[in-house]
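Next comes upload-v3.txt, a file with compact mmCIF, C-alpha atoms.
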```txt
# COMPACT_ATOMS: atom_id res chain seq x y z
CA MET A 1 37.51 -19.66 34.41
CA ASP A 2 37.37 -23.29 33.30
CA GLY A 3 39.14 -24.81 30.31
CA PRO A 4 41.32 -22.02 28.94
CA ALA A 5 42.87 -21.19 32.33
CA ALA A 6 43.89 -24.82 32.77
CA ILE A 7 45.98 -24.72 29.62
CA GLU A 8 47.45 -21.29 30.08
CA PRO A 9 50.45 -20.83 27.78
CA THR A 10 53.78 -19.81 29.23
CA SER A 11 54.26 -16.98 26.77
CA GLU A 12 52.58 -14.90 24.12
CA LYS A 13 54.77 -16.62 21.53
CA GLU A 14 53.39 -19.98 22.57
CA LEU A 15 49.82 -18.66 22.43
CA VAL A 16 50.38 -17.37 18.89
CA GLU A 17 51.79 -20.75 17.84
CA ARG A 18 48.72 -22.48 19.25
CA LEU A 19 46.42 -20.02 17.49
CA ARG A 20 48.17 -20.67 14.19
CA ALA A 21 47.74 -24.39 14.80
CA GLY A 22 43.98 -23.88 15.17
CA ASP A 23 43.82 -24.68 18.89
CA GLU A 24 40.26 -23.87 19.98
CA GLY A 25 41.25 -23.32 23.60
CA ALA A 26 43.83 -20.75 22.55
CA TYR A 27 41.21 -18.83 20.59
CA GLU A 28 38.89 -18.79 23.58
CA MET A 29 41.72 -17.63 25.83
CA LEU A 30 42.60 -14.82 23.43
CA VAL A 31 39.00 -13.63 23.16
CA ARG A 32 38.37 -13.78 26.90
CA GLU A 33 41.61 -12.00 27.69
CA HIS A 34 41.29 -9.11 25.24
CA SER A 35 37.63 -8.61 24.33
CA GLY A 36 36.81 -6.41 27.34
CA ARG A 37 39.43 -3.81 26.56
CA MET A 38 38.72 -4.00 22.85
CA LEU A 39 35.04 -3.43 23.56
CA ALA A 40 35.87 -0.39 25.67
CA VAL A 41 37.99 1.06 22.83
CA ALA A 42 35.24 0.45 20.26
CA ARG A 43 32.62 1.87 22.63
CA ARG A 44 34.58 5.10 22.99
CA ILE A 45 34.93 5.46 19.23
CA LEU A 46 31.42 4.41 18.23
CA GLY A 47 29.45 5.71 21.19
CA ASN A 48 27.14 2.73 21.74
CA ASP A 49 27.36 -0.88 22.86
CA ASP A 50 25.71 -2.55 19.87
CA ASP A 51 27.99 -1.03 17.25
CA ALA A 52 30.98 -1.57 19.53
CA GLY A 53 30.16 -5.28 19.82
CA ASP A 54 29.94 -5.55 16.03
CA ALA A 55 33.26 -3.76 15.62
CA VAL A 56 34.99 -6.04 18.14
CA GLN A 57 33.66 -9.12 16.40
CA GLU A 58 34.90 -7.78 13.05
CA ALA A 59 38.24 -6.94 14.64
CA PHE A 60 38.71 -10.45 16.02
CA LEU A 61 37.75 -12.09 12.74
CA SER A 62 40.16 -9.80 10.92
CA ALA A 63 42.89 -10.63 13.45
CA PHE A 64 42.28 -14.38 13.12
CA LYS A 65 42.63 -14.11 9.35
CA SER A 66 45.88 -12.17 9.59
CA LEU A 67 47.55 -14.15 12.37
CA ASP A 68 50.23 -15.22 9.91
CA ARG A 69 51.18 -11.56 9.50
CA PHE A 70 51.59 -10.99 13.26
CA GLU A 71 55.34 -10.79 13.59
CA GLY A 72 55.65 -10.49 17.34
CA GLY A 73 57.38 -7.12 17.09
CA SER A 74 54.62 -5.66 19.24
CA LYS A 75 52.51 -7.20 21.97
CA LEU A 76 49.31 -8.99 21.01
CA SER A 77 47.32 -6.40 22.97
CA THR A 78 48.88 -3.56 20.96
CA TRP A 79 48.22 -5.36 17.69
CA LEU A 80 44.60 -6.06 18.65
CA HIS A 81 44.13 -2.46 19.81
CA ARG A 82 45.24 -1.22 16.40
CA ILE A 83 42.91 -3.62 14.60
CA THR A 84 40.02 -2.59 16.86
CA VAL A 85 40.59 1.11 16.19
CA ASN A 86 40.64 0.41 12.44
CA SER A 87 37.54 -1.74 12.59
CA SER A 88 35.70 0.88 14.63
CA LEU A 89 36.73 3.70 12.31
CA MET A 90 35.53 1.74 9.29
CA LYS A 91 32.17 1.22 10.96
CA LEU A 92 32.01 4.88 11.93
CA ARG A 93 32.57 5.92 8.31
CA ARG A 94 29.87 3.52 7.10
CA ASP A 95 27.27 4.64 9.65
CA ARG A 96 28.08 8.34 9.92
CA ARG A 97 25.71 10.16 12.29
CA LYS A 98 24.28 13.60 11.82
CA PRO A 99 25.62 15.79 14.64
CA LEU A 100 23.12 17.11 17.16
CA ARG A 101 24.79 20.52 17.11
CA SER A 102 27.25 22.23 14.84
CA ILE A 103 30.76 22.51 16.25
CA ASP A 104 30.62 26.27 15.57
CA ASP A 105 27.77 26.64 18.06
CA LEU A 106 29.99 25.20 20.77
CA LEU A 107 33.09 27.34 20.19
CA PRO A 108 33.85 30.63 21.98
CA GLN A 109 32.27 33.82 20.61
CA PHE A 110 34.19 37.06 20.14
CA SER A 111 33.37 40.72 19.58
CA ASP A 112 34.36 42.37 16.29
CA ALA A 113 37.48 43.64 18.04
CA GLY A 114 38.50 40.07 18.85
CA ARG A 115 37.79 40.50 22.54
CA VAL A 116 36.08 37.80 24.46
CA ALA A 117 32.32 37.74 24.68
CA LEU A 118 30.71 36.40 27.84
CA TRP A 119 31.85 32.84 28.55
CA ASN A 120 29.41 30.19 29.62
CA PRO A 121 29.47 29.26 33.30
CA GLY A 122 32.60 27.38 34.29
CA VAL A 123 33.35 23.68 34.36
CA PRO A 124 33.09 22.43 37.94
CA THR A 125 36.03 20.52 39.31
CA GLY A 126 37.32 19.08 42.58
CA ASP A 127 37.90 15.53 43.71
CA GLU A 128 34.32 14.96 44.82
CA VAL A 129 32.98 16.02 41.45
CA LEU A 130 35.47 13.81 39.61
CA ARG A 131 34.71 10.81 41.81
CA SER A 132 30.99 11.05 41.25
CA GLU A 133 29.74 8.33 38.91
CA GLU A 134 27.12 10.78 37.72
CA THR A 135 29.85 13.20 36.62
CA ARG A 136 31.77 10.44 34.89
CA ALA A 137 28.64 9.34 33.04
CA THR A 138 27.90 12.94 32.07
CA VAL A 139 31.39 13.45 30.66
CA ARG A 140 31.13 10.26 28.60
CA ARG A 141 27.67 11.24 27.35
CA LYS A 142 28.83 14.72 26.36
CA ILE A 143 31.82 13.29 24.48
CA ASP A 144 29.33 11.17 22.54
CA GLU A 145 27.44 14.34 21.59
CA LEU A 146 30.43 15.86 19.80
CA PRO A 147 30.34 15.70 16.00
CA ASP A 148 32.09 12.50 14.87
CA ASP A 149 35.03 14.22 13.13
CA TYR A 150 35.94 15.99 16.36
CA ARG A 151 34.94 13.30 18.87
CA ILE A 152 37.11 10.68 17.23
CA VAL A 153 40.21 12.88 17.43
CA LEU A 154 39.53 13.60 21.12
CA VAL A 155 39.09 9.88 21.80
CA LEU A 156 42.25 8.82 19.98
CA ARG A 157 44.44 11.61 21.40
CA ASP A 158 43.18 12.26 24.92
CA ILE A 159 41.81 8.83 25.86
CA GLU A 160 43.57 6.20 23.76
CA GLY A 161 46.83 8.10 24.11
CA LEU A 162 47.87 8.13 20.45
CA ASP A 163 50.16 10.94 19.34
CA THR A 164 49.32 13.49 16.64
CA GLN A 165 51.09 11.61 13.84
CA GLN A 166 49.52 8.24 14.73
CA THR A 167 46.08 9.84 14.85
CA ALA A 168 46.65 11.54 11.50
CA THR A 169 47.66 8.22 9.95
CA TYR A 170 44.62 6.38 11.32
CA LEU A 171 42.24 9.08 10.06
CA ASP A 172 44.11 9.86 6.83
CA ILE A 173 44.25 13.58 7.62
CA THR A 174 47.15 15.95 8.20
CA PRO A 175 48.76 16.42 11.62
CA ALA A 176 47.67 20.08 11.45
CA ALA A 177 44.05 18.96 11.01
CA VAL A 178 44.40 16.65 14.00
CA LYS A 179 45.61 19.55 16.14
CA THR A 180 42.80 21.85 14.98
CA ARG A 181 40.10 19.23 15.53
CA LEU A 182 41.45 18.28 18.94
CA HIS A 183 41.49 21.89 20.09
CA ARG A 184 37.95 22.48 18.82
CA ALA A 185 36.72 19.23 20.36
CA ARG A 186 38.10 20.24 23.74
CA GLN A 187 36.55 23.70 23.46
CA ALA A 188 33.19 22.26 22.42
CA LEU A 189 33.27 19.70 25.21
CA ARG A 190 34.06 22.45 27.69
CA THR A 191 30.91 24.28 26.51
CA LEU A 192 28.77 21.13 26.74
CA LEU A 193 30.06 20.30 30.23
CA ALA A 194 29.64 23.86 31.43
CA GLU A 195 26.03 23.83 30.26
CA GLU A 196 25.31 20.50 31.89
CA LEU A 197 27.37 20.38 35.07
CA ALA A 198 26.86 23.99 36.11
CA SER A 199 23.08 23.74 35.88
CA MET B 1 45.66 46.04 27.84
CA SER B 2 47.60 43.20 26.24
CA CYS B 3 48.24 43.57 22.50
CA LEU B 4 47.27 39.89 22.00
CA ARG B 5 43.56 39.58 21.30
CA CYS B 6 41.40 37.03 23.09
CA LYS B 7 40.60 35.37 19.78
CA GLU B 8 44.28 34.77 19.05
CA PHE B 9 44.81 33.58 22.58
CA ILE B 10 42.05 31.00 22.31
CA GLU B 11 43.08 29.82 18.84
CA PHE B 12 46.55 28.93 20.02
CA LEU B 13 45.62 27.70 23.48
CA ASP B 14 46.45 24.11 22.55
CA ASP B 15 50.05 25.03 21.73
CA TYR B 16 50.24 26.99 24.96
CA THR B 17 49.02 24.10 27.13
CA ALA B 18 51.26 21.66 25.24
CA GLY B 19 54.25 23.95 25.87
CA THR B 20 55.21 23.93 22.20
CA GLN B 21 55.27 27.69 21.66
CA ASP B 22 58.23 29.88 20.98
CA PRO B 23 59.31 31.48 24.31
CA ALA B 24 58.58 35.01 23.04
CA VAL B 25 55.04 34.05 22.02
CA ARG B 26 54.57 32.26 25.31
CA ALA B 27 55.59 35.39 27.19
CA GLU B 28 52.99 37.36 25.24
CA PHE B 29 50.36 34.73 26.14
CA GLU B 30 51.26 35.06 29.78
CA ARG B 31 50.96 38.84 29.65
CA HIS B 32 47.51 38.40 28.13
CA ILE B 33 46.45 35.97 30.87
CA ALA B 34 47.58 38.45 33.51
CA ASP B 35 45.55 41.23 31.87
CA CYS B 36 42.43 39.30 30.93
CA PRO B 37 40.57 37.45 33.72
CA PRO B 38 38.04 35.85 31.29
CA CYS B 39 40.88 34.27 29.30
CA ALA B 40 42.59 33.17 32.51
CA ASP B 41 39.31 31.49 33.51
CA TYR B 42 38.99 29.93 30.07
CA LEU B 43 42.52 28.53 30.23
CA ARG B 44 41.80 26.99 33.64
CA GLU B 45 38.57 25.42 32.37
CA TYR B 46 40.23 24.17 29.19
CA ARG B 47 42.77 22.35 31.32
CA GLN B 48 40.02 21.04 33.61
CA THR B 49 38.17 19.69 30.60
CA ILE B 50 41.24 17.75 29.45
CA GLY B 51 41.63 16.42 32.99
CA LEU B 52 37.97 15.40 33.19
CA VAL B 53 38.20 13.49 29.92
CA LYS B 54 41.26 11.59 31.08
CA SER B 55 39.95 10.82 34.55
CA CYS B 56 36.42 9.86 33.47
CA CYS B 57 37.41 7.71 30.49
CA ASP B 58 40.62 6.12 31.68
CA ALA B 59 41.43 3.53 29.04
CA LYS B 60 43.55 1.50 31.48
CA ASN B 61 40.66 1.05 33.90
CA ALA B 62 38.21 -0.29 31.34
CA LYS B 63 36.18 -3.33 32.30
CA ALA B 64 38.24 -6.44 31.81
CA MET B 65 35.48 -8.72 30.52
CA ALA B 66 33.13 -8.43 27.58
CA PRO B 67 29.60 -9.87 27.87
CA GLU B 68 29.55 -13.67 27.62
CA GLY B 69 27.16 -13.46 24.68
CA LEU B 70 29.65 -11.43 22.65
CA ILE B 71 32.50 -13.82 23.48
CA ARG B 72 30.42 -16.79 22.36
CA ALA B 73 29.33 -14.99 19.18
CA ILE B 74 32.96 -14.24 18.27
CA LEU B 75 34.04 -17.83 18.85
CA ALA B 76 31.06 -19.15 16.88
CA ALA B 77 31.84 -16.79 13.99
CA ARG B 78 35.45 -17.97 14.03
CA ARG B 79 34.38 -21.58 13.64
CA LYS B 80 32.46 -20.56 10.52
CA GLN B 81 35.43 -18.71 9.05
CA PRO B 82 36.82 -20.37 5.92
```
Written form, structure tokens:
Amino acid sequence: MDGPAAIEPTSEKELVERLRAGDEGAYEMLVREHSGRMLAVARRILGNDDDAGDAVQEAFLSAFKSLDRFEGGSKLSTWLHRITVNSSLMKLRRDRRKPLRSIDDLLPQFSDAGRVALWNPGVPTGDEVLRSEETRATVRRKIDELPDDYRIVLVLRDIEGLDTQQTATYLDITPAAVKTRLHRARQALRTLLAEELAS
Amino acid sequence: MSCLRCKEFIEFLDDYTAGTQDPAVRAEFERHIADCPPCADYLREYRQTIGLVKSCCDAKNAKAMAPEGLIRAILAARRKQP
């Protein structure tokens, strides 16, 4: 990479100082360094590239405006991750999608006595299945098919690695609601994968 | 037959897999799994689903670079920021 690489700062602190001073090269370095991961985060939350690109742009602009409030207590990447999640969630709330299927249709069915009804065919596994790019694409596509309220909890907890309390704070719901939605999202995804991968 | 119903087993599966249950409740879950092959299968597939999500969407292995067009758009928008 030309330009920015030639003026690589020795530390994150120095980069932040240069950003605050309006150094164009520092801005380019920051964007090039972090935009890929931020885009991946936004893509997982929003489910498509166009919206994810918009969310990342909004996240960067928001970060640039609040650089003075970055205290250095966390890493820049952590700070930008948080801003990206917030920006993506705001966009998700604005452009809420109608789910393709109700979550209830994807949960297990029981007899009146509470005994299990017939399960769908199982979820295939094994290293070869997991390594297959087709399988990986299918899993990502099926996650995108989950209703937003459930998908977003699955993404934040199982992929982004946030804990229950952090997820609850981001989404402004209770920790108990996070746990319920995560469990239902996993169950629904299991049904979707069983339908798709076992066929 | 286990006194725990399948419905209760499934509802609290998340706590079971997270290991956050009271030991007595956990023991009852394990008796149910031993008695109920469909629930044992469901537990295995529930765990496989969690594993699939993590292995297929590994956040740490995301592409490092965004498209050049997006990078340029962000930098251009910054220059227009007040």
#### Entry: Separation of atom CA of Thr164 of chain A from atom CA of Arg181 of chain A, in Å and rounded to one decimal
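A separation of 10.9 Å between them.
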#### Entry: chain B contacts to chain A at 10 Å (all atoms listed in the file) as a ChimeraX atom specification
/B:4-15,36,38-39,41-42,44-75,77-79,81-82
### Message
As an exercise, work out the distance from atom CA of Lys91 of chain A to atom CA of Ala52 of chain A in Å and give it to one decimal place.
### Response
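For atom CA of Lys91 of chain A relative to atom CA of Ala52 of chain A, the distance reads 9.1 Å.
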### Message
What does the structure give for the distance between atom CA of Arg93 of chain A and atom CA of Asp172 of chain A, in Å to one decimal?
### Response
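Spanning atom CA of Arg93 of chain A to atom CA of Asp172 of chain A is a straight-line distance of 12.3 Å.
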